[in-house]
Amino acid sequence: MPELPEVESARAAIERAGLGRKIADVDDSDTYECRPHSPGEIREALVGRRLVSAHRQGKFLWCETSGIGRSRTAGPELAIHLGMSGRLVITGPDGPGGRPGTPTQGGDYLGTADPEGVLDPRNPAWNRFTLTFADGGELRLFDKRRLGRVRLDPDRSALGPDAQAITLEQFRHRLGRGSSPVKARLLDQSVVAGVGNLLADETLWQAGIAPQRPADELDDDELAALRRALRKATRAAIAHGGVHTGTFIPHRTRAGHCPRCGAEVQRATVGSRTTYWCPKEQH
DNA sequence: ACTCGTGTTAGCTG
DNA sequence: TCAGCTAACACGAG
């Protein structure tokens, strides 16, 4: 279930296994995830091109594409947002014939085990978008809940600096403004890109700051501590393969206890999202 | 059986 | 302009 770390691993997988392969066909018939493009529009734009680079800003992922044939004119950017339930599946040149869950030559199935075989490309149920490469392999967006998005030439102008790359000065100016709860600021992708609900709770817990504090009441030291905690939590989550590996996240349950002081964690809605925090350590 | 939710966005209201 | 809420998406978990 994607937060920033899963998006980064998807980006790295495209870089490792998806670049340079010629696009022979595109299934963009899901009018919801490919909206506002009409069916066939993305296929028309991409057939004959290759993905040449993969980028990420927060939870937003996009690829640059090549010209067609010897043309040096670059193609459109292809953006893929995983939403809340999307996963990328990249298969190797031996394509759909590979056994489900088994890495195929030259590519791999992303994510972990697939005992039910739902990632098998022959199971069409939740495949929302597919690039078929000339070598027979595929890059697919697999998304049960249909919250993902695919689009050409995305507008990134409203996206804030990436959570890992944001400078202290940027962070102070963007985050420490407004009367909203500081957690709402953290979750606002136009303020800082990449923080989801779980990562926000982990970060606030690490920094010892209560989620409902008005953002403009935080002093410089608290904002610095918050940024430090954000970068640390993000880095750790990427290194360990997901935000679930955080210290506080496993204790985000009813009757959960703070892993440091043992106090019972509080639960409330902050910034329209379910929020857990330690009332003893977060102020 | 029923409620809730790791994300985003459009649209509305104050 | 800012801030906050709701619906939509569609399924799994508890």
# chains A, B, ... in the order shown; residues from 1 in each chain; ligands from 1

call {"tool": "residues_around", "arguments": {"residues": "B:DT13", "least_positions_apart": "5", "cutoff": "12 Å", "atoms": "only C-alpha atoms (C1' of nucleotides)", "output": "list in words"}}
result
DA3, DG4, DC5 and DT6 of chain C

call {"tool": "residues_around", "arguments": {"residues": "A:Ser157", "least_positions_apart": "4", "cutoff": "12 Å", "atoms": "only C-alpha atoms (C1' of nucleotides)", "output": "number ranges by chain"}}
result
A: 57, 153, 161, 189-191, 193

call {"tool": "atom_distance", "arguments": {"atom1": "atom CA of A:Pro36", "atom2": "atom C1' of C:DC11"}}
result
23.8 Å

call {"tool": "closest_residue", "arguments": {"among": "A:Gly48, A:Gly83, A:Pro76, A:Pro124", "to": "chain B", "atoms": "only C-alpha atoms (C1' of nucleotides)"}}
result
A:Gly83

call {"tool": "closest_residue", "arguments": {"among": "A:Lys183, A:Arg21, A:Arg149, A:Arg72", "to": "A:Leu131", "atoms": "only C-alpha atoms"}}
result
A:Arg21

call {"tool": "closest_residue", "arguments": {"among": "A:Ala236, A:Cys34, A:Leu175, A:Val7", "to": "A:Arg151", "atoms": "only C-alpha atoms"}}
result
A:Cys34

call {"tool": "interface_residues", "arguments": {"of": "chain B", "to": "chain A", "cutoff": "9 Å", "atoms": "only C-alpha atoms (C1' of nucleotides)", "output": "list in words"}}
result
DG5, DT6, DG7 and DT8 of chain B

call {"tool": "closest_atom_pairs", "arguments": {"of": "chain A", "to": "chain C", "cutoff": "12 Å", "atoms": "only C-alpha atoms (C1' of nucleotides)", "output": "CSV"}}
result
residue,atom,partner,partner_atom,distance
A:Met1,CA,C:DG12,C1',11.7
A:Tyr32,CA,C:DC9,C1',8.7
A:Glu33,CA,C:DC9,C1',9.6
A:Gly83,CA,C:DC9,C1',10.2
A:Met84,CA,C:DC9,C1',10.4
A:Ser85,CA,C:DC11,C1',9.3
A:Trp126,CA,C:DA10,C1',10.7
A:Asp143,CA,C:DA10,C1',9.9
A:Lys144,CA,C:DC11,C1',6.6
A:Arg145,CA,C:DA10,C1',4.6
A:Arg146,CA,C:DC9,C1',5.8
A:Leu147,CA,C:DC9,C1',5.7
A:Gly148,CA,C:DC9,C1',9.2
A:Arg149,CA,C:DC9,C1',11.1
A:Arg177,CA,C:DC2,C1',11.4
A:Gly178,CA,C:DC2,C1',8.5
A:Ser179,CA,C:DA3,C1',8.7
A:Ser180,CA,C:DA3,C1',7.4
A:Pro181,CA,C:DA3,C1',10.6
A:Ala184,CA,C:DA3,C1',10.4
A:Arg185,CA,C:DA3,C1',11.3
A:Thr253,CA,C:DG14,C1',11.3
A:Arg254,CA,C:DG14,C1',11.6
A:Val270,CA,C:DG4,C1',10.9
A:Gly271,CA,C:DG4,C1',8.3
A:Ser272,CA,C:DC5,C1',8.3
A:Arg273,CA,C:DC5,C1',11.9

call {"tool": "select_by_dssp", "arguments": {"residues": "stretch 41-259 of chain A", "states": "alpha helix (DSSP H)", "output": "PyMOL selection string"}}
result
chain A and resi 41-46+168-175+182-187+197-207+220-240

call {"tool": "atom_distance", "arguments": {"atom1": "atom CA of A:His240", "atom2": "atom CA of A:Leu4"}}
result
12.3 Å

call {"tool": "atom_distance", "arguments": {"atom1": "atom CA of A:Val52", "atom2": "atom CA of A:Arg70"}}
result
14.1 Å

call {"tool": "select_by_dssp", "arguments": {"residues": "stretch 22-259 of chain A", "states": "strand (DSSP E or B)", "output": "PyMOL selection string"}}
result
chain A and resi 22-27+50-57+60-65+78-81+86-90+108+127-133+138-143+149-152+162+181+193+214+257

call {"tool": "write_last_selection", "arguments": {"atoms": "C-alpha atoms", "output": "PDB file, in the first residue's frame"}}
result
ATOM      1  CA  LYS A  22      10.446  -0.388 -27.175  1.00  0.00           C
ATOM      2  CA  ILE A  23       6.731   0.088 -26.541  1.00  0.00           C
ATOM      3  CA  ALA A  24       4.768  -2.055 -28.993  1.00  0.00           C
ATOM      4  CA  ASP A  25       1.283  -1.649 -27.567  1.00  0.00           C
ATOM      5  CA  VAL A  26      -0.607   0.133 -24.792  1.00  0.00           C
ATOM      6  CA  ASP A  27      -3.844  -0.801 -23.081  1.00  0.00           C
ATOM      7  CA  ARG A  50      10.891   3.907 -25.130  1.00  0.00           C
ATOM      8  CA  LEU A  51      10.991   4.970 -21.484  1.00  0.00           C
ATOM      9  CA  VAL A  52      14.288   6.801 -21.033  1.00  0.00           C
ATOM     10  CA  SER A  53      14.236   7.877 -17.382  1.00  0.00           C
ATOM     11  CA  ALA A  54      12.143   7.467 -14.240  1.00  0.00           C
ATOM     12  CA  HIS A  55      11.573  10.269 -11.714  1.00  0.00           C
ATOM     13  CA  ARG A  56       9.800  10.718  -8.419  1.00  0.00           C
ATOM     14  CA  GLN A  57       8.676  13.730  -6.430  1.00  0.00           C
ATOM     15  CA  PHE A  60       4.283  11.236  -7.879  1.00  0.00           C
ATOM     16  CA  LEU A  61       6.094   9.091 -10.457  1.00  0.00           C
ATOM     17  CA  TRP A  62       6.798   9.885 -14.102  1.00  0.00           C
ATOM     18  CA  CYS A  63       8.924   8.758 -17.020  1.00  0.00           C
ATOM     19  CA  GLU A  64      10.442  10.633 -19.910  1.00  0.00           C
ATOM     20  CA  THR A  65       9.986   8.977 -23.281  1.00  0.00           C
ATOM     21  CA  LEU A  78       4.131   9.360 -18.783  1.00  0.00           C
ATOM     22  CA  ALA A  79       2.989   9.801 -15.177  1.00  0.00           C
ATOM     23  CA  ILE A  80       1.760   6.970 -12.981  1.00  0.00           C
ATOM     24  CA  HIS A  81       0.283   7.584  -9.551  1.00  0.00           C
ATOM     25  CA  GLY A  86      -1.632   0.400  -6.962  1.00  0.00           C
ATOM     26  CA  ARG A  87       1.450  -1.679  -7.698  1.00  0.00           C
ATOM     27  CA  LEU A  88       3.687  -1.832 -10.696  1.00  0.00           C
ATOM     28  CA  VAL A  89       4.408  -5.168 -12.273  1.00  0.00           C
ATOM     29  CA  ILE A  90       7.248  -5.428 -14.755  1.00  0.00           C
ATOM     30  CA  ASP A 108      10.708  -8.997 -12.168  1.00  0.00           C
ATOM     31  CA  ASN A 127      -4.864  -4.585 -14.486  1.00  0.00           C
ATOM     32  CA  ARG A 128      -5.734  -0.969 -15.156  1.00  0.00           C
ATOM     33  CA  PHE A 129      -2.998   0.017 -17.595  1.00  0.00           C
ATOM     34  CA  THR A 130      -0.453  -1.963 -19.580  1.00  0.00           C
ATOM     35  CA  LEU A 131       2.567  -1.168 -21.707  1.00  0.00           C
ATOM     36  CA  THR A 132       3.518  -4.148 -23.857  1.00  0.00           C
ATOM     37  CA  PHE A 133       7.113  -4.071 -24.975  1.00  0.00           C
ATOM     38  CA  GLU A 138       5.029  -5.796 -19.924  1.00  0.00           C
ATOM     39  CA  LEU A 139       4.811  -2.929 -17.483  1.00  0.00           C
ATOM     40  CA  ARG A 140       1.446  -2.961 -15.761  1.00  0.00           C
ATOM     41  CA  LEU A 141      -0.390  -0.880 -13.202  1.00  0.00           C
ATOM     42  CA  PHE A 142      -2.182  -3.384 -10.965  1.00  0.00           C
ATOM     43  CA  ASP A 143      -4.725  -1.584  -8.816  1.00  0.00           C
ATOM     44  CA  ARG A 149      -3.886   7.567 -12.161  1.00  0.00           C
ATOM     45  CA  VAL A 150      -2.081   7.472 -15.495  1.00  0.00           C
ATOM     46  CA  ARG A 151      -1.599  10.600 -17.491  1.00  0.00           C
ATOM     47  CA  LEU A 152       0.481  12.250 -20.179  1.00  0.00           C
ATOM     48  CA  ASP A 162      10.076  16.290  -2.093  1.00  0.00           C
ATOM     49  CA  PRO A 181      -2.955  21.594  12.493  1.00  0.00           C
ATOM     50  CA  ALA A 193       5.400  16.162  -1.340  1.00  0.00           C
ATOM     51  CA  PRO A 214      -1.442  25.001  14.843  1.00  0.00           C
ATOM     52  CA  HIS A 257       1.022   1.934  23.760  1.00  0.00           C
TER      53      HIS A 257
END

call {"tool": "residues_around", "arguments": {"residues": "A:Arg172", "least_positions_apart": "5", "cutoff": "12 Å", "atoms": "only C-alpha atoms (C1' of nucleotides)", "output": "PDB file with all heavy atoms, in the first residue's frame"}}
result
ATOM      1  N   ILE A 166      13.698  18.594   0.644  1.00  0.00           N
ATOM      2  CA  ILE A 166      13.323  19.940   1.084  1.00  0.00           C
ATOM      3  C   ILE A 166      14.385  20.521   2.032  1.00  0.00           C
ATOM      4  O   ILE A 166      14.880  19.840   2.927  1.00  0.00           O
ATOM      5  CB  ILE A 166      11.920  19.918   1.744  1.00  0.00           C
ATOM      6  CG1 ILE A 166      11.384  21.340   1.922  1.00  0.00           C
ATOM      7  CG2 ILE A 166      11.936  19.167   3.077  1.00  0.00           C
ATOM      8  CD1 ILE A 166       9.899  21.389   2.270  1.00  0.00           C
ATOM      9  N   THR A 167      14.747  21.764   1.786  1.00  0.00           N
ATOM     10  CA  THR A 167      15.757  22.417   2.634  1.00  0.00           C
ATOM     11  C   THR A 167      15.098  22.937   3.910  1.00  0.00           C
ATOM     12  O   THR A 167      13.872  23.073   3.984  1.00  0.00           O
ATOM     13  CB  THR A 167      16.403  23.612   1.911  1.00  0.00           C
ATOM     14  OG1 THR A 167      15.398  24.617   1.733  1.00  0.00           O
ATOM     15  CG2 THR A 167      16.974  23.204   0.556  1.00  0.00           C
ATOM     16  N   ARG A 177       3.356  27.748   8.519  1.00  0.00           N
ATOM     17  CA  ARG A 177       2.454  28.830   8.130  1.00  0.00           C
ATOM     18  C   ARG A 177       1.011  28.364   8.246  1.00  0.00           C
ATOM     19  O   ARG A 177       0.714  27.194   8.044  1.00  0.00           O
ATOM     20  CB  ARG A 177       2.753  29.196   6.677  1.00  0.00           C
ATOM     21  CG  ARG A 177       1.786  30.175   6.075  1.00  0.00           C
ATOM     22  CD  ARG A 177       2.000  30.310   4.597  1.00  0.00           C
ATOM     23  NE  ARG A 177       3.401  30.602   4.265  1.00  0.00           N
ATOM     24  CZ  ARG A 177       3.828  30.850   3.048  1.00  0.00           C
ATOM     25  NH1 ARG A 177       2.976  30.842   2.057  1.00  0.00           N
ATOM     26  NH2 ARG A 177       5.092  31.100   2.817  1.00  0.00           N
ATOM     27  N   GLY A 178       0.139  29.279   8.586  1.00  0.00           N
ATOM     28  CA  GLY A 178      -1.286  28.942   8.610  1.00  0.00           C
ATOM     29  C   GLY A 178      -1.713  28.383   9.952  1.00  0.00           C
ATOM     30  O   GLY A 178      -0.905  27.879  10.728  1.00  0.00           O
ATOM     31  N   VAL A 182      -0.608  21.104  12.411  1.00  0.00           N
ATOM     32  CA  VAL A 182       0.655  20.819  11.740  1.00  0.00           C
ATOM     33  C   VAL A 182       0.568  19.519  10.940  1.00  0.00           C
ATOM     34  O   VAL A 182       1.173  19.391   9.875  1.00  0.00           O
ATOM     35  CB  VAL A 182       1.826  20.791  12.753  1.00  0.00           C
ATOM     36  CG1 VAL A 182       1.616  19.733  13.824  1.00  0.00           C
ATOM     37  CG2 VAL A 182       3.151  20.559  12.041  1.00  0.00           C
ATOM     38  N   ARG A 185      -0.726  20.218   7.510  1.00  0.00           N
ATOM     39  CA  ARG A 185       0.312  20.814   6.654  1.00  0.00           C
ATOM     40  C   ARG A 185       1.232  19.733   6.106  1.00  0.00           C
ATOM     41  O   ARG A 185       1.621  19.761   4.944  1.00  0.00           O
ATOM     42  CB  ARG A 185       1.135  21.843   7.424  1.00  0.00           C
ATOM     43  CG  ARG A 185       0.381  23.032   7.958  1.00  0.00           C
ATOM     44  CD  ARG A 185      -0.194  23.905   6.874  1.00  0.00           C
ATOM     45  NE  ARG A 185       0.782  24.682   6.131  1.00  0.00           N
ATOM     46  CZ  ARG A 185       0.475  25.410   5.047  1.00  0.00           C
ATOM     47  NH1 ARG A 185      -0.760  25.438   4.608  1.00  0.00           N
ATOM     48  NH2 ARG A 185       1.404  26.090   4.409  1.00  0.00           N
ATOM     49  N   LEU A 186       1.592  18.789   6.964  1.00  0.00           N
ATOM     50  CA  LEU A 186       2.469  17.698   6.533  1.00  0.00           C
ATOM     51  C   LEU A 186       1.825  16.867   5.424  1.00  0.00           C
ATOM     52  O   LEU A 186       2.499  16.384   4.518  1.00  0.00           O
ATOM     53  CB  LEU A 186       2.798  16.780   7.710  1.00  0.00           C
ATOM     54  CG  LEU A 186       3.956  17.140   8.633  1.00  0.00           C
ATOM     55  CD1 LEU A 186       4.002  16.167   9.803  1.00  0.00           C
ATOM     56  CD2 LEU A 186       5.287  17.144   7.890  1.00  0.00           C
ATOM     57  N   VAL A 191       2.471  21.511  -0.030  1.00  0.00           N
ATOM     58  CA  VAL A 191       3.385  22.090   0.956  1.00  0.00           C
ATOM     59  C   VAL A 191       4.713  21.326   0.938  1.00  0.00           C
ATOM     60  O   VAL A 191       5.780  21.893   0.788  1.00  0.00           O
ATOM     61  CB  VAL A 191       2.765  22.050   2.369  1.00  0.00           C
ATOM     62  CG1 VAL A 191       3.771  22.475   3.423  1.00  0.00           C
ATOM     63  CG2 VAL A 191       1.534  22.939   2.423  1.00  0.00           C
ATOM     64  N   VAL A 192       4.603  20.024   1.106  1.00  0.00           N
ATOM     65  CA  VAL A 192       5.754  19.130   0.989  1.00  0.00           C
ATOM     66  C   VAL A 192       5.222  17.829   0.399  1.00  0.00           C
ATOM     67  O   VAL A 192       4.180  17.340   0.814  1.00  0.00           O
ATOM     68  CB  VAL A 192       6.463  18.930   2.355  1.00  0.00           C
ATOM     69  CG1 VAL A 192       5.500  18.564   3.442  1.00  0.00           C
ATOM     70  CG2 VAL A 192       7.560  17.876   2.255  1.00  0.00           C
ATOM     71  N   ALA A 215       0.099  25.069  12.961  1.00  0.00           N
ATOM     72  CA  ALA A 215       1.429  25.083  12.336  1.00  0.00           C
ATOM     73  C   ALA A 215       2.195  26.368  12.638  1.00  0.00           C
ATOM     74  O   ALA A 215       3.407  26.340  12.859  1.00  0.00           O
ATOM     75  CB  ALA A 215       1.293  24.891  10.827  1.00  0.00           C
ATOM     76  N   ASP A 216       1.497  27.485  12.675  1.00  0.00           N
ATOM     77  CA  ASP A 216       2.217  28.751  12.863  1.00  0.00           C
ATOM     78  C   ASP A 216       2.593  29.017  14.326  1.00  0.00           C
ATOM     79  O   ASP A 216       3.186  30.044  14.639  1.00  0.00           O
ATOM     80  CB  ASP A 216       1.419  29.925  12.272  1.00  0.00           C
ATOM     81  CG  ASP A 216       0.012  30.021  12.835  1.00  0.00           C
ATOM     82  OD1 ASP A 216      -0.306  29.292  13.814  1.00  0.00           O
ATOM     83  OD2 ASP A 216      -0.776  30.816  12.298  1.00  0.00           O
ATOM     84  N   GLU A 217       2.270  28.064  15.199  1.00  0.00           N
ATOM     85  CA  GLU A 217       2.714  28.202  16.595  1.00  0.00           C
ATOM     86  C   GLU A 217       4.034  27.494  16.842  1.00  0.00           C
ATOM     87  O   GLU A 217       4.618  27.613  17.929  1.00  0.00           O
ATOM     88  CB  GLU A 217       1.666  27.622  17.547  1.00  0.00           C
ATOM     89  CG  GLU A 217       0.516  28.562  17.817  1.00  0.00           C
ATOM     90  CD  GLU A 217      -0.421  27.993  18.874  1.00  0.00           C
ATOM     91  OE1 GLU A 217      -0.037  27.006  19.543  1.00  0.00           O
ATOM     92  OE2 GLU A 217      -1.528  28.535  19.014  1.00  0.00           O
ATOM     93  N   LEU A 218       4.500  26.727  15.860  1.00  0.00           N
ATOM     94  CA  LEU A 218       5.759  26.008  16.052  1.00  0.00           C
ATOM     95  C   LEU A 218       6.920  26.994  15.950  1.00  0.00           C
ATOM     96  O   LEU A 218       6.953  27.841  15.059  1.00  0.00           O
ATOM     97  CB  LEU A 218       5.926  24.919  14.989  1.00  0.00           C
ATOM     98  CG  LEU A 218       4.866  23.812  14.973  1.00  0.00           C
ATOM     99  CD1 LEU A 218       5.250  22.732  13.975  1.00  0.00           C
ATOM    100  CD2 LEU A 218       4.660  23.202  16.343  1.00  0.00           C
ATOM    101  N   ASP A 219       7.869  26.883  16.871  1.00  0.00           N
ATOM    102  CA  ASP A 219       9.033  27.765  16.781  1.00  0.00           C
ATOM    103  C   ASP A 219      10.088  27.141  15.871  1.00  0.00           C
ATOM    104  O   ASP A 219       9.942  26.025  15.390  1.00  0.00           O
ATOM    105  CB  ASP A 219       9.582  28.102  18.179  1.00  0.00           C
ATOM    106  CG  ASP A 219      10.114  26.878  18.914  1.00  0.00           C
ATOM    107  OD1 ASP A 219      10.598  25.936  18.250  1.00  0.00           O
ATOM    108  OD2 ASP A 219      10.041  26.857  20.164  1.00  0.00           O
ATOM    109  N   ASP A 220      11.168  27.882  15.634  1.00  0.00           N
ATOM    110  CA  ASP A 220      12.194  27.437  14.688  1.00  0.00           C
ATOM    111  C   ASP A 220      12.816  26.102  15.084  1.00  0.00           C
ATOM    112  O   ASP A 220      13.096  25.263  14.235  1.00  0.00           O
ATOM    113  CB  ASP A 220      13.292  28.501  14.565  1.00  0.00           C
ATOM    114  CG  ASP A 220      12.884  29.611  13.592  1.00  0.00           C
ATOM    115  OD1 ASP A 220      11.766  29.521  13.037  1.00  0.00           O
ATOM    116  OD2 ASP A 220      13.682  30.538  13.383  1.00  0.00           O
ATOM    117  N   ASP A 221      13.012  25.927  16.375  1.00  0.00           N
ATOM    118  CA  ASP A 221      13.613  24.671  16.834  1.00  0.00           C
ATOM    119  C   ASP A 221      12.689  23.485  16.573  1.00  0.00           C
ATOM    120  O   ASP A 221      13.129  22.415  16.171  1.00  0.00           O
ATOM    121  CB  ASP A 221      13.925  24.745  18.339  1.00  0.00           C
ATOM    122  CG  ASP A 221      15.125  25.650  18.627  1.00  0.00           C
ATOM    123  OD1 ASP A 221      15.839  25.989  17.655  1.00  0.00           O
ATOM    124  OD2 ASP A 221      15.318  26.012  19.793  1.00  0.00           O
ATOM    125  N   GLU A 222      11.404  23.700  16.806  1.00  0.00           N
ATOM    126  CA  GLU A 222      10.452  22.612  16.578  1.00  0.00           C
ATOM    127  C   GLU A 222      10.340  22.277  15.090  1.00  0.00           C
ATOM    128  O   GLU A 222      10.257  21.098  14.723  1.00  0.00           O
ATOM    129  CB  GLU A 222       9.070  23.000  17.142  1.00  0.00           C
ATOM    130  CG  GLU A 222       9.048  23.003  18.663  1.00  0.00           C
ATOM    131  CD  GLU A 222       7.743  23.532  19.228  1.00  0.00           C
ATOM    132  OE1 GLU A 222       7.222  24.544  18.705  1.00  0.00           O
ATOM    133  OE2 GLU A 222       7.232  22.936  20.188  1.00  0.00           O
ATOM    134  N   LEU A 223      10.368  23.301  14.249  1.00  0.00           N
ATOM    135  CA  LEU A 223      10.308  23.050  12.808  1.00  0.00           C
ATOM    136  C   LEU A 223      11.561  22.310  12.346  1.00  0.00           C
ATOM    137  O   LEU A 223      11.485  21.404  11.512  1.00  0.00           O
ATOM    138  CB  LEU A 223      10.148  24.370  12.046  1.00  0.00           C
ATOM    139  CG  LEU A 223       8.743  24.979  12.143  1.00  0.00           C
ATOM    140  CD1 LEU A 223       8.734  26.414  11.612  1.00  0.00           C
ATOM    141  CD2 LEU A 223       7.727  24.135  11.386  1.00  0.00           C
ATOM    142  N   ALA A 224      12.688  22.669  12.905  1.00  0.00           N
ATOM    143  CA  ALA A 224      13.930  21.974  12.546  1.00  0.00           C
ATOM    144  C   ALA A 224      13.874  20.518  13.001  1.00  0.00           C
ATOM    145  O   ALA A 224      14.286  19.610  12.270  1.00  0.00           O
ATOM    146  CB  ALA A 224      15.131  22.688  13.175  1.00  0.00           C
ATOM    147  N   ALA A 225      13.350  20.306  14.192  1.00  0.00           N
ATOM    148  CA  ALA A 225      13.231  18.931  14.702  1.00  0.00           C
ATOM    149  C   ALA A 225      12.255  18.121  13.848  1.00  0.00           C
ATOM    150  O   ALA A 225      12.471  16.931  13.593  1.00  0.00           O
ATOM    151  CB  ALA A 225      12.762  18.958  16.157  1.00  0.00           C
ATOM    152  N   LEU A 226      11.201  18.785  13.402  1.00  0.00           N
ATOM    153  CA  LEU A 226      10.203  18.103  12.586  1.00  0.00           C
ATOM    154  C   LEU A 226      10.795  17.690  11.235  1.00  0.00           C
ATOM    155  O   LEU A 226      10.583  16.575  10.761  1.00  0.00           O
ATOM    156  CB  LEU A 226       8.998  19.023  12.375  1.00  0.00           C
ATOM    157  CG  LEU A 226       7.747  18.386  11.787  1.00  0.00           C
ATOM    158  CD1 LEU A 226       7.260  17.229  12.640  1.00  0.00           C
ATOM    159  CD2 LEU A 226       6.641  19.440  11.632  1.00  0.00           C
ATOM    160  N   ARG A 227      11.550  18.571  10.640  1.00  0.00           N
ATOM    161  CA  ARG A 227      12.176  18.234   9.357  1.00  0.00           C
ATOM    162  C   ARG A 227      13.190  17.115   9.535  1.00  0.00           C
ATOM    163  O   ARG A 227      13.266  16.196   8.730  1.00  0.00           O
ATOM    164  CB  ARG A 227      12.857  19.467   8.754  1.00  0.00           C
ATOM    165  CG  ARG A 227      13.703  19.138   7.515  1.00  0.00           C
ATOM    166  CD  ARG A 227      14.243  20.397   6.875  1.00  0.00           C
ATOM    167  NE  ARG A 227      15.222  20.112   5.831  1.00  0.00           N
ATOM    168  CZ  ARG A 227      16.514  19.975   6.040  1.00  0.00           C
ATOM    169  NH1 ARG A 227      17.000  20.072   7.267  1.00  0.00           N
ATOM    170  NH2 ARG A 227      17.329  19.729   5.042  1.00  0.00           N
ATOM    171  N   ARG A 228      13.947  17.190  10.600  1.00  0.00           N
ATOM    172  CA  ARG A 228      14.934  16.136  10.876  1.00  0.00           C
ATOM    173  C   ARG A 228      14.223  14.781  11.020  1.00  0.00           C
ATOM    174  O   ARG A 228      14.638  13.776  10.450  1.00  0.00           O
ATOM    175  CB  ARG A 228      15.692  16.487  12.159  1.00  0.00           C
ATOM    176  CG  ARG A 228      17.084  15.911  12.251  1.00  0.00           C
ATOM    177  CD  ARG A 228      17.964  16.726  13.231  1.00  0.00           C
ATOM    178  NE  ARG A 228      17.303  17.017  14.494  1.00  0.00           N
ATOM    179  CZ  ARG A 228      17.145  18.241  14.983  1.00  0.00           C
ATOM    180  NH1 ARG A 228      17.579  19.306  14.316  1.00  0.00           N
ATOM    181  NH2 ARG A 228      16.555  18.427  16.150  1.00  0.00           N
TER     182      ARG A 228
END

call {"tool": "decode", "arguments": {"residues": "stretch 257-262 of chain A", "atoms": "all heavy atoms", "output": "PDB file, in the first residue's frame"}}
result
ATOM      1  N   HIS A 257       0.225   1.220  22.767  1.00  0.00           N
ATOM      2  CA  HIS A 257       1.022   1.934  23.760  1.00  0.00           C
ATOM      3  C   HIS A 257       2.276   2.516  23.123  1.00  0.00           C
ATOM      4  O   HIS A 257       2.845   1.936  22.200  1.00  0.00           O
ATOM      5  CB  HIS A 257       1.410   0.994  24.906  1.00  0.00           C
ATOM      6  CG  HIS A 257       0.234   0.567  25.734  1.00  0.00           C
ATOM      7  ND1 HIS A 257      -0.190   1.263  26.851  1.00  0.00           N
ATOM      8  CD2 HIS A 257      -0.641  -0.456  25.568  1.00  0.00           C
ATOM      9  CE1 HIS A 257      -1.263   0.670  27.345  1.00  0.00           C
ATOM     10  NE2 HIS A 257      -1.557  -0.376  26.587  1.00  0.00           N
ATOM     11  N   CYS A 258       2.682   3.675  23.637  1.00  0.00           N
ATOM     12  CA  CYS A 258       3.883   4.341  23.139  1.00  0.00           C
ATOM     13  C   CYS A 258       5.097   3.426  23.346  1.00  0.00           C
ATOM     14  O   CYS A 258       5.347   2.980  24.466  1.00  0.00           O
ATOM     15  CB  CYS A 258       4.092   5.653  23.885  1.00  0.00           C
ATOM     16  SG  CYS A 258       5.664   6.457  23.493  1.00  0.00           S
ATOM     17  N   PRO A 259       5.844   3.153  22.274  1.00  0.00           N
ATOM     18  CA  PRO A 259       6.992   2.245  22.402  1.00  0.00           C
ATOM     19  C   PRO A 259       8.128   2.827  23.236  1.00  0.00           C
ATOM     20  O   PRO A 259       9.047   2.097  23.601  1.00  0.00           O
ATOM     21  CB  PRO A 259       7.421   2.000  20.953  1.00  0.00           C
ATOM     22  CG  PRO A 259       6.806   3.080  20.154  1.00  0.00           C
ATOM     23  CD  PRO A 259       5.587   3.546  20.896  1.00  0.00           C
ATOM     24  N   ARG A 260       8.059   4.104  23.568  1.00  0.00           N
ATOM     25  CA  ARG A 260       9.101   4.686  24.423  1.00  0.00           C
ATOM     26  C   ARG A 260       8.682   4.737  25.877  1.00  0.00           C
ATOM     27  O   ARG A 260       9.377   4.239  26.762  1.00  0.00           O
ATOM     28  CB  ARG A 260       9.463   6.097  23.945  1.00  0.00           C
ATOM     29  CG  ARG A 260      10.605   6.139  22.944  1.00  0.00           C
ATOM     30  CD  ARG A 260      11.092   7.568  22.692  1.00  0.00           C
ATOM     31  NE  ARG A 260       9.998   8.478  22.419  1.00  0.00           N
ATOM     32  CZ  ARG A 260       9.867   9.164  21.286  1.00  0.00           C
ATOM     33  NH1 ARG A 260      10.741   9.050  20.314  1.00  0.00           N
ATOM     34  NH2 ARG A 260       8.856   9.968  21.108  1.00  0.00           N
ATOM     35  N   CYS A 261       7.503   5.313  26.139  1.00  0.00           N
ATOM     36  CA  CYS A 261       7.148   5.542  27.541  1.00  0.00           C
ATOM     37  C   CYS A 261       6.018   4.633  28.034  1.00  0.00           C
ATOM     38  O   CYS A 261       5.726   4.600  29.228  1.00  0.00           O
ATOM     39  CB  CYS A 261       6.755   7.006  27.755  1.00  0.00           C
ATOM     40  SG  CYS A 261       5.132   7.420  27.110  1.00  0.00           S
ATOM     41  N   GLY A 262       5.385   3.924  27.124  1.00  0.00           N
ATOM     42  CA  GLY A 262       4.357   2.982  27.553  1.00  0.00           C
ATOM     43  C   GLY A 262       2.979   3.581  27.755  1.00  0.00           C
ATOM     44  O   GLY A 262       2.023   2.855  28.035  1.00  0.00           O
TER      45      GLY A 262
END
